[in-house]
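Dropping coords37.cif in here (mmCIF, C-alpha atoms and all ligand atoms):
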```cif
data_work
#
loop_
_atom_site.label_atom_id
_atom_site.label_comp_id
_atom_site.auth_asym_id
_atom_site.auth_seq_id
_atom_site.Cartn_x
_atom_site.Cartn_y
_atom_site.Cartn_z
CA MET A 1 -11.68 -19.58 -7.60
CA HIS A 2 -13.76 -16.49 -8.22
CA VAL A 3 -11.98 -13.69 -6.38
CA LEU A 4 -13.17 -10.15 -5.66
CA VAL A 5 -10.49 -7.46 -5.40
CA THR A 6 -11.82 -4.15 -4.13
CA GLY A 7 -9.49 -1.37 -5.22
CA GLY A 8 -8.31 -3.69 -7.99
CA ALA A 9 -7.54 -0.79 -10.34
CA GLY A 10 -5.16 0.74 -7.80
CA PHE A 11 -1.43 0.35 -7.54
CA ILE A 12 -1.16 -2.84 -5.43
CA GLY A 13 -4.63 -4.05 -6.45
CA SER A 14 -3.87 -4.12 -10.18
CA HIS A 15 -0.73 -6.19 -9.61
CA LEU A 16 -2.72 -8.59 -7.44
CA VAL A 17 -5.38 -8.90 -10.16
CA GLU A 18 -2.75 -9.67 -12.79
CA ARG A 19 -1.27 -12.38 -10.60
CA LEU A 20 -4.67 -13.93 -9.79
CA LEU A 21 -5.55 -14.10 -13.50
CA ALA A 22 -2.15 -15.61 -14.31
CA ASP A 23 -2.81 -18.26 -11.64
CA GLY A 24 -6.05 -19.21 -13.40
CA HIS A 25 -8.61 -17.51 -11.16
CA THR A 26 -11.67 -15.53 -12.20
CA VAL A 27 -11.51 -11.96 -10.91
CA THR A 28 -14.06 -9.25 -10.22
CA VAL A 29 -12.68 -5.79 -9.55
CA LEU A 30 -14.71 -3.20 -7.67
CA ASP A 31 -13.10 0.22 -7.95
CA ASP A 32 -14.54 3.72 -8.13
CA LEU A 33 -11.48 4.90 -10.11
CA SER A 34 -10.92 7.80 -7.70
CA GLY A 35 -7.40 6.66 -6.88
CA GLY A 36 -7.24 3.65 -9.18
CA ARG A 37 -7.00 4.01 -12.93
CA ARG A 38 -8.30 1.98 -15.84
CA GLU A 39 -4.81 2.09 -17.37
CA ASN A 40 -3.50 0.09 -14.43
CA LEU A 41 -5.57 -2.83 -15.74
CA ALA A 42 -4.60 -2.24 -19.37
CA PRO A 43 -2.26 -5.28 -19.52
CA VAL A 44 -5.25 -7.53 -18.65
CA GLY A 45 -8.07 -5.20 -19.72
CA ASP A 46 -9.96 -7.55 -22.06
CA HIS A 47 -9.16 -10.75 -20.20
CA PRO A 48 -12.14 -13.16 -20.44
CA ARG A 49 -11.89 -13.98 -16.71
CA LEU A 50 -11.85 -10.34 -15.57
CA ARG A 51 -14.89 -8.22 -14.74
CA LEU A 52 -14.57 -4.57 -13.74
CA ILE A 53 -17.36 -2.91 -11.78
CA VAL A 54 -16.92 0.83 -11.42
CA GLY A 55 -18.45 1.64 -8.07
CA ASP A 56 -17.92 2.68 -4.50
CA VAL A 57 -17.36 0.16 -1.68
CA THR A 58 -19.70 2.18 0.51
CA ASP A 59 -22.54 1.67 -2.02
CA PRO A 60 -24.61 -1.44 -1.12
CA ALA A 61 -25.87 -1.87 -4.72
CA ALA A 62 -22.35 -1.87 -6.16
CA LEU A 63 -21.18 -4.27 -3.45
CA GLY A 64 -24.14 -6.60 -4.06
CA ALA A 65 -23.29 -6.81 -7.76
CA ALA A 66 -19.58 -7.26 -7.06
CA PHE A 67 -20.15 -10.15 -4.64
CA GLU A 68 -22.10 -12.32 -7.12
CA GLY A 69 -20.48 -15.76 -7.24
CA VAL A 70 -17.44 -14.65 -5.25
CA GLU A 71 -15.51 -17.19 -3.12
CA LEU A 72 -12.65 -15.05 -1.73
CA VAL A 73 -12.20 -11.30 -1.20
CA PHE A 74 -9.15 -9.05 -1.06
CA HIS A 75 -10.30 -5.72 0.33
CA LEU A 76 -7.80 -3.10 -0.85
CA ALA A 77 -10.12 -0.21 -1.69
CA ALA A 78 -9.20 2.81 0.44
CA VAL A 79 -8.23 6.45 0.26
CA VAL A 80 -4.42 6.24 0.62
CA GLY A 81 -1.37 8.49 0.44
CA ILE A 82 -0.63 11.44 2.67
CA PRO A 83 -1.57 14.15 0.12
CA ARG A 84 -5.02 12.60 -0.39
CA VAL A 85 -5.58 12.03 3.29
CA LEU A 86 -4.72 15.63 4.11
CA ALA A 87 -6.85 16.95 1.24
CA ASP A 88 -10.11 15.41 2.52
CA PRO A 89 -9.86 13.59 5.87
CA LEU A 90 -13.64 13.18 6.14
CA ARG A 91 -13.95 11.33 2.85
CA MET A 92 -10.96 9.19 3.80
CA ILE A 93 -12.61 8.16 7.08
CA ARG A 94 -15.95 7.44 5.38
CA VAL A 95 -14.39 5.27 2.69
CA ASN A 96 -11.77 3.54 4.81
CA VAL A 97 -13.99 2.75 7.77
CA GLY A 98 -17.48 2.69 6.20
CA GLY A 99 -16.26 0.71 3.19
CA THR A 100 -14.51 -1.93 5.27
CA GLU A 101 -17.53 -2.28 7.53
CA ARG A 102 -19.76 -2.96 4.49
CA VAL A 103 -17.30 -5.38 2.88
CA LEU A 104 -16.92 -7.36 6.10
CA GLU A 105 -20.70 -7.49 6.57
CA ALA A 106 -21.12 -8.75 3.01
CA CYS A 107 -18.45 -11.42 3.58
CA ALA A 108 -20.05 -12.50 6.85
CA ALA A 109 -23.53 -12.69 5.29
CA ARG A 110 -22.22 -14.97 2.52
CA GLY A 111 -19.55 -16.88 4.48
CA VAL A 112 -16.80 -15.64 2.14
CA PRO A 113 -13.22 -15.44 3.48
CA VAL A 114 -11.52 -12.07 3.25
CA CYS A 115 -8.08 -10.47 3.47
CA VAL A 116 -8.18 -6.83 4.60
CA ALA A 117 -5.39 -4.42 3.63
CA SER A 118 -4.00 -2.33 6.46
CA SER A 119 -0.84 -0.29 6.76
CA SER A 120 2.37 0.03 8.77
CA GLU A 121 1.08 3.56 9.39
CA VAL A 122 -0.82 2.02 12.35
CA TYR A 123 2.47 1.74 14.26
CA GLY A 124 2.62 5.53 14.12
CA LYS A 125 5.84 6.86 15.59
CA GLY A 126 6.49 3.37 16.96
CA ILE A 127 7.47 1.98 20.32
CA ARG A 128 10.35 -0.17 19.05
CA TRP A 129 11.75 -1.15 15.70
CA PRO A 130 11.61 -3.58 13.99
CA ALA A 131 7.92 -3.53 14.88
CA ALA A 132 6.00 -6.76 15.46
CA GLU A 133 2.27 -7.20 15.03
CA ASP A 134 1.50 -7.43 18.75
CA ASP A 135 3.57 -4.40 19.72
CA ASP A 136 1.96 -1.33 21.27
CA LEU A 137 1.26 1.56 18.92
CA ARG A 138 2.18 5.23 19.28
CA LEU A 139 -0.01 7.68 17.43
CA GLY A 140 -0.10 11.46 17.69
CA PRO A 141 -3.16 13.56 18.63
CA PRO A 142 -6.26 14.09 16.44
CA THR A 143 -5.23 17.72 15.87
CA VAL A 144 -2.60 16.28 13.51
CA PRO A 145 -4.64 15.07 10.50
CA ARG A 146 -2.02 12.54 9.43
CA TRP A 147 -3.06 10.18 12.24
CA ALA A 148 -6.62 9.94 10.95
CA TYR A 149 -5.39 7.49 8.33
CA ALA A 150 -3.65 5.32 10.92
CA VAL A 151 -6.78 5.38 13.08
CA SER A 152 -8.99 4.45 10.11
CA LYS A 153 -6.82 1.44 9.35
CA LEU A 154 -6.64 0.48 13.01
CA LEU A 155 -10.41 0.54 13.21
CA ASP A 156 -10.50 -1.65 10.08
CA GLU A 157 -8.27 -4.11 11.91
CA HIS A 158 -10.54 -4.06 14.96
CA LEU A 159 -13.57 -4.62 12.74
CA ALA A 160 -11.84 -7.55 11.05
CA LEU A 161 -10.85 -9.16 14.34
CA ALA A 162 -14.32 -8.57 15.79
CA TRP A 163 -15.79 -10.43 12.81
CA ALA A 164 -13.18 -13.18 13.26
CA ARG A 165 -14.53 -13.67 16.78
CA ARG A 166 -17.94 -14.18 15.21
CA GLY A 167 -16.57 -16.91 12.98
CA LEU A 168 -15.62 -15.06 9.78
CA SER A 169 -12.44 -16.27 8.08
CA VAL A 170 -10.60 -12.96 7.97
CA ARG A 171 -6.96 -11.85 8.04
CA VAL A 172 -5.22 -8.48 7.91
CA VAL A 173 -2.04 -7.48 6.08
CA ARG A 174 -0.03 -4.44 7.17
CA TYR A 175 1.93 -3.12 4.21
CA PHE A 176 5.28 -1.40 4.71
CA ASN A 177 5.99 1.18 1.96
CA VAL A 178 5.19 -0.78 -1.19
CA TYR A 179 6.79 0.50 -4.41
CA GLY A 180 7.06 -0.45 -8.05
CA PRO A 181 5.47 0.16 -11.45
CA ARG A 182 2.15 2.09 -11.41
CA ALA A 183 2.76 3.86 -8.11
CA ASP A 184 1.52 7.32 -8.93
CA PRO A 185 3.82 10.18 -7.86
CA GLN A 186 0.93 12.66 -7.84
CA GLY A 187 -1.91 10.53 -6.58
CA TYR A 188 -0.30 8.85 -3.62
CA GLY A 189 2.81 10.95 -3.07
CA TYR A 190 4.99 7.84 -2.75
CA VAL A 191 8.58 8.90 -2.31
CA ILE A 192 10.12 6.46 -4.80
CA ALA A 193 7.66 7.40 -7.52
CA ARG A 194 8.32 11.07 -6.84
CA PHE A 195 12.11 10.68 -6.95
CA MET A 196 11.87 8.78 -10.25
CA GLU A 197 9.65 11.42 -11.80
CA GLN A 198 11.99 14.18 -10.59
CA ALA A 199 15.06 12.34 -11.90
CA TRP A 200 13.32 11.78 -15.24
CA ARG A 201 12.57 15.48 -15.57
CA GLY A 202 16.09 16.46 -14.51
CA GLU A 203 14.70 18.22 -11.42
CA PRO A 204 16.20 18.14 -7.90
CA LEU A 205 15.14 15.22 -5.69
CA THR A 206 13.10 16.70 -2.84
CA VAL A 207 14.19 15.20 0.49
CA TYR A 208 11.86 16.23 3.31
CA GLY A 209 13.49 17.19 6.61
CA ASP A 210 17.12 16.15 7.03
CA GLY A 211 16.68 12.85 5.18
CA ARG A 212 17.76 10.81 8.19
CA GLN A 213 14.27 9.32 8.63
CA THR A 214 14.21 5.68 7.54
CA ARG A 215 11.79 3.38 5.78
CA SER A 216 11.81 -0.23 4.49
CA PHE A 217 10.56 -0.60 0.96
CA ILE A 218 8.93 -3.74 -0.41
CA TYR A 219 8.63 -4.34 -4.14
CA VAL A 220 5.03 -4.74 -5.28
CA GLU A 221 5.56 -8.26 -6.66
CA ASP A 222 6.70 -9.39 -3.20
CA ALA A 223 3.80 -7.58 -1.53
CA VAL A 224 1.40 -9.42 -3.84
CA GLU A 225 2.96 -12.79 -2.97
CA GLY A 226 2.57 -12.06 0.75
CA THR A 227 -1.01 -10.91 0.24
CA LEU A 228 -1.95 -14.01 -1.75
CA ARG A 229 -0.49 -16.33 0.85
CA ALA A 230 -2.31 -14.46 3.61
CA GLY A 231 -5.55 -14.72 1.62
CA VAL A 232 -5.45 -18.44 0.87
CA LEU A 233 -3.51 -20.10 3.68
CA PRO A 234 -5.77 -21.32 6.50
CA ALA A 235 -2.99 -20.62 9.04
CA ALA A 236 -3.42 -16.87 8.44
CA ALA A 237 -7.07 -16.78 9.51
CA GLY A 238 -7.67 -14.47 12.47
CA HIS A 239 -4.18 -12.95 12.21
CA VAL A 240 -2.62 -9.57 11.51
CA LEU A 241 0.56 -9.88 9.43
CA ASN A 242 3.35 -7.47 8.54
CA ILE A 243 4.11 -7.55 4.82
CA GLY A 244 7.40 -5.74 4.39
CA HIS A 245 11.08 -5.95 3.58
CA PRO A 246 13.44 -6.03 6.59
CA GLU A 247 16.10 -3.86 4.89
CA GLU A 248 16.04 -0.30 6.26
CA ILE A 249 17.32 2.79 4.45
CA SER A 250 17.38 6.52 5.16
CA ILE A 251 15.53 8.75 2.73
CA LEU A 252 18.75 10.59 1.90
CA ALA A 253 20.47 7.28 1.05
CA LEU A 254 17.40 6.37 -1.01
CA ALA A 255 17.69 9.61 -2.97
CA GLU A 256 21.35 8.85 -3.65
CA LYS A 257 20.45 5.34 -4.79
CA VAL A 258 17.77 6.62 -7.16
CA ARG A 259 20.27 9.09 -8.56
CA ALA A 260 22.81 6.31 -9.14
CA ILE A 261 20.29 3.90 -10.70
CA THR A 262 18.74 6.48 -13.00
CA GLY A 263 22.14 7.88 -13.95
CA ARG A 264 20.74 11.42 -13.66
CA SER A 265 23.11 13.82 -11.95
CA VAL A 266 20.34 15.88 -10.37
CA PRO A 267 20.93 17.73 -7.10
CA ILE A 268 19.21 16.86 -3.82
CA ARG A 269 17.07 19.63 -2.33
CA PHE A 270 16.18 19.52 1.36
CA LEU A 271 12.71 20.86 2.14
CA PRO A 272 11.42 21.55 5.67
CA LEU A 273 8.42 19.33 6.40
CA ALA A 274 6.33 22.30 7.53
CA GLU A 275 6.83 23.85 4.11
CA VAL A 276 5.51 20.73 2.37
CA TYR A 277 2.68 19.59 4.63
CA GLY A 278 1.99 22.67 6.76
CA PRO A 279 2.65 23.20 10.47
CA ASP A 280 0.21 20.48 11.68
CA PHE A 281 2.29 17.57 10.52
CA GLU A 282 4.30 14.89 12.24
CA GLU A 283 6.93 12.77 10.51
CA VAL A 284 7.49 9.11 11.30
CA PRO A 285 11.24 9.09 12.00
CA ARG A 286 11.81 5.37 11.57
CA ARG A 287 9.89 2.39 10.20
CA VAL A 288 11.04 -1.19 9.74
CA PRO A 289 9.05 -4.43 10.03
CA ASP A 290 9.66 -7.51 12.12
CA VAL A 291 8.87 -10.13 9.48
CA SER A 292 9.11 -13.25 11.64
CA LYS A 293 5.35 -13.83 11.91
CA ALA A 294 4.81 -13.76 8.13
CA ARG A 295 7.80 -16.06 7.74
CA ALA A 296 6.46 -18.53 10.31
CA LEU A 297 2.77 -18.50 9.31
CA LEU A 298 3.00 -17.91 5.56
CA GLY A 299 6.54 -19.03 4.72
CA PHE A 300 6.79 -15.58 3.18
CA GLU A 301 9.91 -13.51 2.72
CA ALA A 302 10.44 -10.58 0.39
CA ARG A 303 12.90 -11.59 -2.33
CA VAL A 304 13.49 -8.52 -4.47
CA THR A 305 16.36 -6.32 -3.25
CA LEU A 306 15.92 -2.56 -3.23
CA ASP A 307 18.52 -2.17 -6.01
CA GLU A 308 16.75 -4.70 -8.21
CA GLY A 309 13.29 -3.27 -7.50
CA LEU A 310 14.41 0.29 -8.18
CA GLN A 311 16.02 -0.86 -11.42
CA ARG A 312 12.78 -2.55 -12.55
CA THR A 313 10.71 0.45 -11.53
CA TRP A 314 12.99 2.80 -13.43
CA GLU A 315 12.76 0.62 -16.57
CA TRP A 316 8.97 0.72 -16.37
CA TRP A 317 9.02 4.45 -15.76
CA GLN A 318 11.13 5.11 -18.83
CA ALA A 319 8.99 2.82 -20.99
CA CYS A 320 5.85 4.70 -19.85
CA GLN A 321 7.25 8.10 -20.68
CA ARG A 322 8.14 7.01 -24.20
CA VAL A 323 4.61 5.86 -25.07
N1 LIG A 401 9.60 12.03 1.33
C1 LIG A 401 10.63 12.83 0.86
N2 LIG A 401 10.44 13.48 -0.33
C2 LIG A 401 9.31 13.35 -1.08
C3 LIG A 401 8.26 12.51 -0.58
C4 LIG A 401 8.45 11.87 0.63
O1 LIG A 401 11.68 13.00 1.49
O2 LIG A 401 9.23 13.96 -2.15
C5 LIG A 401 9.82 11.30 2.60
C6 LIG A 401 8.69 11.44 3.62
O3 LIG A 401 8.89 12.59 4.43
C7 LIG A 401 8.86 10.15 4.40
C8 LIG A 401 9.36 9.14 3.36
O4 LIG A 401 9.88 9.92 2.30
O5 LIG A 401 9.84 10.26 5.39
C9 LIG A 401 8.27 8.22 2.83
O6 LIG A 401 7.21 9.02 2.39
P1 LIG A 401 5.91 8.43 1.69
O7 LIG A 401 4.93 9.54 1.53
O8 LIG A 401 6.31 7.65 0.49
O9 LIG A 401 5.36 7.35 2.74
P2 LIG A 401 5.15 7.39 4.35
O10 LIG A 401 6.05 6.32 4.83
O11 LIG A 401 5.54 8.71 4.91
O12 LIG A 401 3.72 7.07 4.50
#
```
How would this structure read if it were set down as structure tokens?
Amino acid sequence: MHVLVTGGAGFIGSHLVERLLADGHTVTVLDDLSGGRRENLAPVGDHPRLRLIVGDVTDPAALGAAFEGVELVFHLAAVVGIPRVLADPLRMIRVNVGGTERVLEACAARGVPVCVASSSEVYGKGIRWPAAEDDDLRLGPPTVPRWAYAVSKLLDEHLALAWARRGLSVRVVRYFNVYGPRADPQGYGYVIARFMEQAWRGEPLTVYGDGRQTRSFIYVEDAVEGTLRAGVLPAAAGHVLNIGHPEEISILALAEKVRAITGRSVPIRFLPLAEVYGPDFEEVPRRVPDVSKARALLGFEARVTLDEGLQRTWEWWQACQRV
């Protein structure tokens, strides 16, 4: 198949592109390289079945060129990561909502099936955990800029389902804290990437708040498998699916794990959230997915344990620093 991956030079996108090429597909990447990086595609950079278009998903001309000959779309292009969202909420809303609207319109006009990337951030502070796709959501007020990202992704989901009602073959994946090689500690602010960078430099690991908040981390290879299945399996059409790992860990325990795996005896420094993100910030105290729908519809289950994934990420990190 000829597959378009928007945001294909990003963290998850570049792994998806690699996998699609390995499976024999032809891939077009549309990425404006604002969050994504050319280096992320370096392992497949000159692949004869890969075409990179540097452009913005909100630009109709770039989209028109990217859609030529395309039979399936993975729409991953978005402004992601709390630091970026807080830095320019307006741009984030324009790209995340405007971009998805354009991509869905282009898919509908051509009858091309699409998988839209969303986020577990839409659950907000959550009603109950593990959270299932049909659960109610609990977001904070618009005076707290963090929630703008959740709202942007929620609107993307509504757009996708509205198009599904008009006959478009569309599905949505909600990612739960994806980690692995190429996650950028600066760009996205991902906690695991940050801890690894800090450990590498021999600096303290910065735990925000008291470290008792929890997350569930899914290794990028697993997230790609779930995404692919959602994209190609007819049973996924019209559905929203959690893509996550059911194992939950506190951020303090995570810091201790990173310290053990990296073998660096760095201290842990607790930082008040207000000091990091300012006073207008709300933390999500707990986040863990109910994975039964993805298991039932896609036969998908994350396989890589946190220990194994952290080990692999650390090996990649060290190899990168030596280059
Ligand atoms: N976090 C932390 N130290 C850091 C970066 C993040 O303790 O240097 C915490 C953050 O407060 C949150 C969790 O790690 O509770 C995950 O943060 P991330 O930004 O990776 O993703 P989120 O789930 O908050 O979107």
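Every protein or nucleic acid residue with an atom no more than 8 Å from stretch 202-210 of chain A, counting all atoms listed in the file and leaving out same-chain residues fewer than 3 positions away, appears here: A:Phe195, A:Gln198, A:Ala199, A:Gln213, A:Ile251, A:Leu252, A:Ala255, A:Arg264, A:Ser265, A:Val266, A:Pro267, A:Ile268, A:Arg269, A:Phe270, A:Leu271, A:Pro272, A:Leu273, A:Val276.
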Among the residues A:Arg102, A:Arg84, A:Arg312, A:Arg201, the one that comes closest to ligand LIG 401 (chain A) [using only C-alpha atoms and all ligand atoms]: A:Arg84
For atom CA of A:Thr143 and atom O6 of ligand LIG 401 (chain A), the interatomic separation in Å (one decimal): 20.3 Å
Near-stretch 222-229 of chain A list (7 Å; all atoms listed in the file; drop same-chain fewer than 2 positions) as a VMD selection string: chain A and resid 15 to 16 173 178 218 to 220 231 to 233 243 298 300 302 to 304
Convert the current residue selection to file output with C-alpha atoms, as a CSV table (one decimal), keeping the file's coordinate frame.
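Heads up, here's the output in selection-v2.csv:
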```csv
chain,number,residue,atom,x,y,z
A,15,HIS,CA,-0.7,-6.2,-9.6
A,16,LEU,CA,-2.7,-8.6,-7.4
A,173,VAL,CA,-2.0,-7.5,6.1
A,178,VAL,CA,5.2,-0.8,-1.2
A,218,ILE,CA,8.9,-3.7,-0.4
A,219,TYR,CA,8.6,-4.3,-4.1
A,220,VAL,CA,5.0,-4.7,-5.3
A,231,GLY,CA,-5.6,-14.7,1.6
A,232,VAL,CA,-5.4,-18.4,0.9
A,233,LEU,CA,-3.5,-20.1,3.7
A,243,ILE,CA,4.1,-7.6,4.8
A,298,LEU,CA,3.0,-17.9,5.6
A,300,PHE,CA,6.8,-15.6,3.2
A,302,ALA,CA,10.4,-10.6,0.4
A,303,ARG,CA,12.9,-11.6,-2.3
A,304,VAL,CA,13.5,-8.5,-4.5
```
Polymer residues at most 10 Å from A:Gly64, only C-alpha atoms, same-chain spacing of 5 or more positions, as a PyMOL selection string: chain A and resi 57+59+103+106
Residue nearest A:Cys107 among A:Gly167, A:Pro285, A:Gly299, A:Gly187 (counting all atoms listed in the file): A:Gly167
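A straight line drawn from atom CA of A:Leu155 to atom CA of A:Val97 is 6.9 Å long.
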Could you give me the centre and size, in Å to one decimal, of an axis-aligned box around all listed atoms of ligand LIG 401 (chain A) with 6 Å added on every side, as JSON?
```
{"center_x": 7.7, "center_y": 10.1, "center_z": 1.6, "size_x": 20.0, "size_y": 19.6, "size_z": 19.5}
```
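With only C-alpha atoms as the atoms that count, the minimum distance from A:Thr100 to the choices A:Gly7, A:Leu20, A:Ala148, A:Pro142 is reached by A:Gly7.
Considering all atoms listed in the file, the residue among A:Glu133, A:Arg165, A:Ala235, A:Glu256 positioned nearest to A:Val288 is A:Glu133.
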Separation of atom CA of A:Val73 from atom CA of A:Ala22 in Å: 17.1 Å
Counting only C-alpha atoms, the option among A:Ser292, A:Glu121, A:Val144, A:Gly99 closest to A:Leu159: A:Gly99
Non-local contacts of A:Glu68 (12 Å; all atoms listed in the file; under 6 positions in same chain excluded) as a list of chain:residue names: A:His2, A:Val3, A:Leu4, A:Val27, A:Thr28, A:Val29, A:Leu30, A:Arg51, A:Ile53, A:Ala61, A:Ala62, A:Ala106, A:Cys107, A:Arg110, A:Val112
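Checking A:Asp56, A:Glu197, A:Glu101, A:Asp307 one by one against ligand LIG 401 (chain A), counting only C-alpha atoms and all ligand atoms, you find the shortest gap at A:Glu197.
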Residues within 9 Å of stretch 127-129 of chain A, only C-alpha atoms, excluding chain neighbours under 2 positions, as an MDAnalysis selection string: chainID A and resid 123:125 131:132 135:138 286:290
